[in-house]
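**Q** First, the structure itself, so that you have it in front of you.
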Amino acid sequence: MTKGSWNIFSDLGFGPVEAQNLLLRAQVRSALVIWYKESGLKQAPAAKQLGITQPRFNQLLKGMIKDFSLDALVNMASLAGLHLHLNVEPFPMPKKNINPTKALKLPVRKPSKAA
């Protein structure tokens, strides 16, 4: 048996950037599910409070985090009255050097030559 890391998404083979984003989205989603269960609300009123439709809220309850941006989840948590905070600290990176531009799949711009 292999011991897992601090991030299940990393263990599943996602790159470090995507794994971190998925972990944060899963954590906010879990907080929203707990809020919903403790609220006693039905899905439609809960969805309305979060500013989304009932079918969209149902997707959230089913764990479809790929369909929700971190920004959208943070907004919903705020509307639910949840206090969010972000603790930023270094996380383990693979031993090989990772170019952040490649990890994020950003285009590389070459500096323009001054005339």
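If you're wondering about the labels, chains in the structure tokens are A, B, ... by order shown, residues count from 1 in each chain, ligands from 1 in order shown.
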Would you pick out the contacts of A:Ala77 at 10 Å or less, using only C-alpha atoms, so that residues sharing its chain but fewer than 2 positions from it are not included, and give the list as a ChimeraX atom specification?

**A** /A:28-29,31-32,35,50,71-75,79-84

**Q** Can you write out the residues you just picked, keeping C-alpha atoms, as a compact mmCIF listing (two decimals), in the first residue's frame?

**A**
# COMPACT_ATOMS: atom_id res chain seq x y z
CA VAL A 28 -15.17 25.20 0.03
CA ARG A 29 -17.73 22.79 -1.47
CA ALA A 31 -18.21 23.73 3.85
CA LEU A 32 -21.23 24.61 1.69
CA TRP A 35 -23.98 24.69 5.80
CA LEU A 50 -26.46 31.33 -2.84
CA ASP A 71 -14.23 32.33 -7.24
CA ALA A 72 -17.86 31.22 -7.62
CA LEU A 73 -17.58 28.89 -4.62
CA VAL A 74 -16.07 31.64 -2.47
CA ASN A 75 -18.92 33.96 -3.45
CA LEU A 79 -23.64 34.50 0.68
CA ALA A 80 -24.17 31.56 3.03
CA GLY A 81 -22.64 33.62 5.82
CA LEU A 82 -19.50 31.50 6.04
CA HIS A 83 -16.24 33.14 7.05
CA LEU A 84 -13.42 32.14 4.73

**Q** Using only C-alpha atoms, which residues sit within 10 Å of A:Leu60 once same-chain residues fewer than 5 positions away are excluded, as a list in words?

**A**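 Using only C-alpha atoms, the neighbours found are Arg29, Ser30, Leu32, Val33, Ala47, Gln54, Pro55, Ile65, Lys66, Asp67, Phe68 and Leu73 of chain A.
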
**Q** With C-alpha atoms retained, export the selected residues as a PDB file, in the first residue's frame.

**A**
ATOM      1  CA  ARG A  29     -17.730  22.794  -1.472  1.00  0.00           C
ATOM      2  CA  SER A  30     -17.584  20.653   1.684  1.00  0.00           C
ATOM      3  CA  LEU A  32     -21.229  24.614   1.693  1.00  0.00           C
ATOM      4  CA  VAL A  33     -22.654  21.098   2.002  1.00  0.00           C
ATOM      5  CA  ALA A  47     -29.873  27.809  -4.026  1.00  0.00           C
ATOM      6  CA  GLN A  54     -31.726  24.644  -7.849  1.00  0.00           C
ATOM      7  CA  PRO A  55     -30.322  22.361 -10.612  1.00  0.00           C
ATOM      8  CA  ILE A  65     -16.589  20.713  -8.419  1.00  0.00           C
ATOM      9  CA  LYS A  66     -15.190  20.781 -11.933  1.00  0.00           C
ATOM     10  CA  ASP A  67     -18.271  22.814 -12.882  1.00  0.00           C
ATOM     11  CA  PHE A  68     -17.575  25.548 -10.301  1.00  0.00           C
ATOM     12  CA  LEU A  73     -17.584  28.890  -4.617  1.00  0.00           C
TER      13      LEU A  73
END

**Q** May I have the residues within 8 Å of A:Leu70 as a CSV table (one decimal) with N, CA and C atoms, in the first residue's frame, using only C-alpha atoms and disregarding those fewer than 4 positions away in the same chain?

**A**
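result_11.csv, freshly written:
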chain,number,residue,atom,x,y,z
A,21,ASN,N,-5.7,23.8,-6.8
A,21,ASN,CA,-7.0,24.5,-7.1
A,21,ASN,C,-8.2,23.5,-6.8
A,24,LEU,N,-8.7,23.2,-3.0
A,24,LEU,CA,-9.4,24.4,-2.4
A,24,LEU,C,-10.9,24.4,-2.8
A,25,ARG,N,-11.2,24.1,-4.0
A,25,ARG,CA,-12.6,24.0,-4.4
A,25,ARG,C,-13.3,22.9,-3.6
A,74,VAL,N,-16.3,30.7,-3.5
A,74,VAL,CA,-16.1,31.6,-2.5
A,74,VAL,C,-17.2,32.6,-2.3

**Q** Distance atom CA of A:Gly15-atom CA of A:Pro90, one decimal place?

**A**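 Spanning atom CA of A:Gly15 to atom CA of A:Pro90 is a straight-line distance of 15.7 Å.
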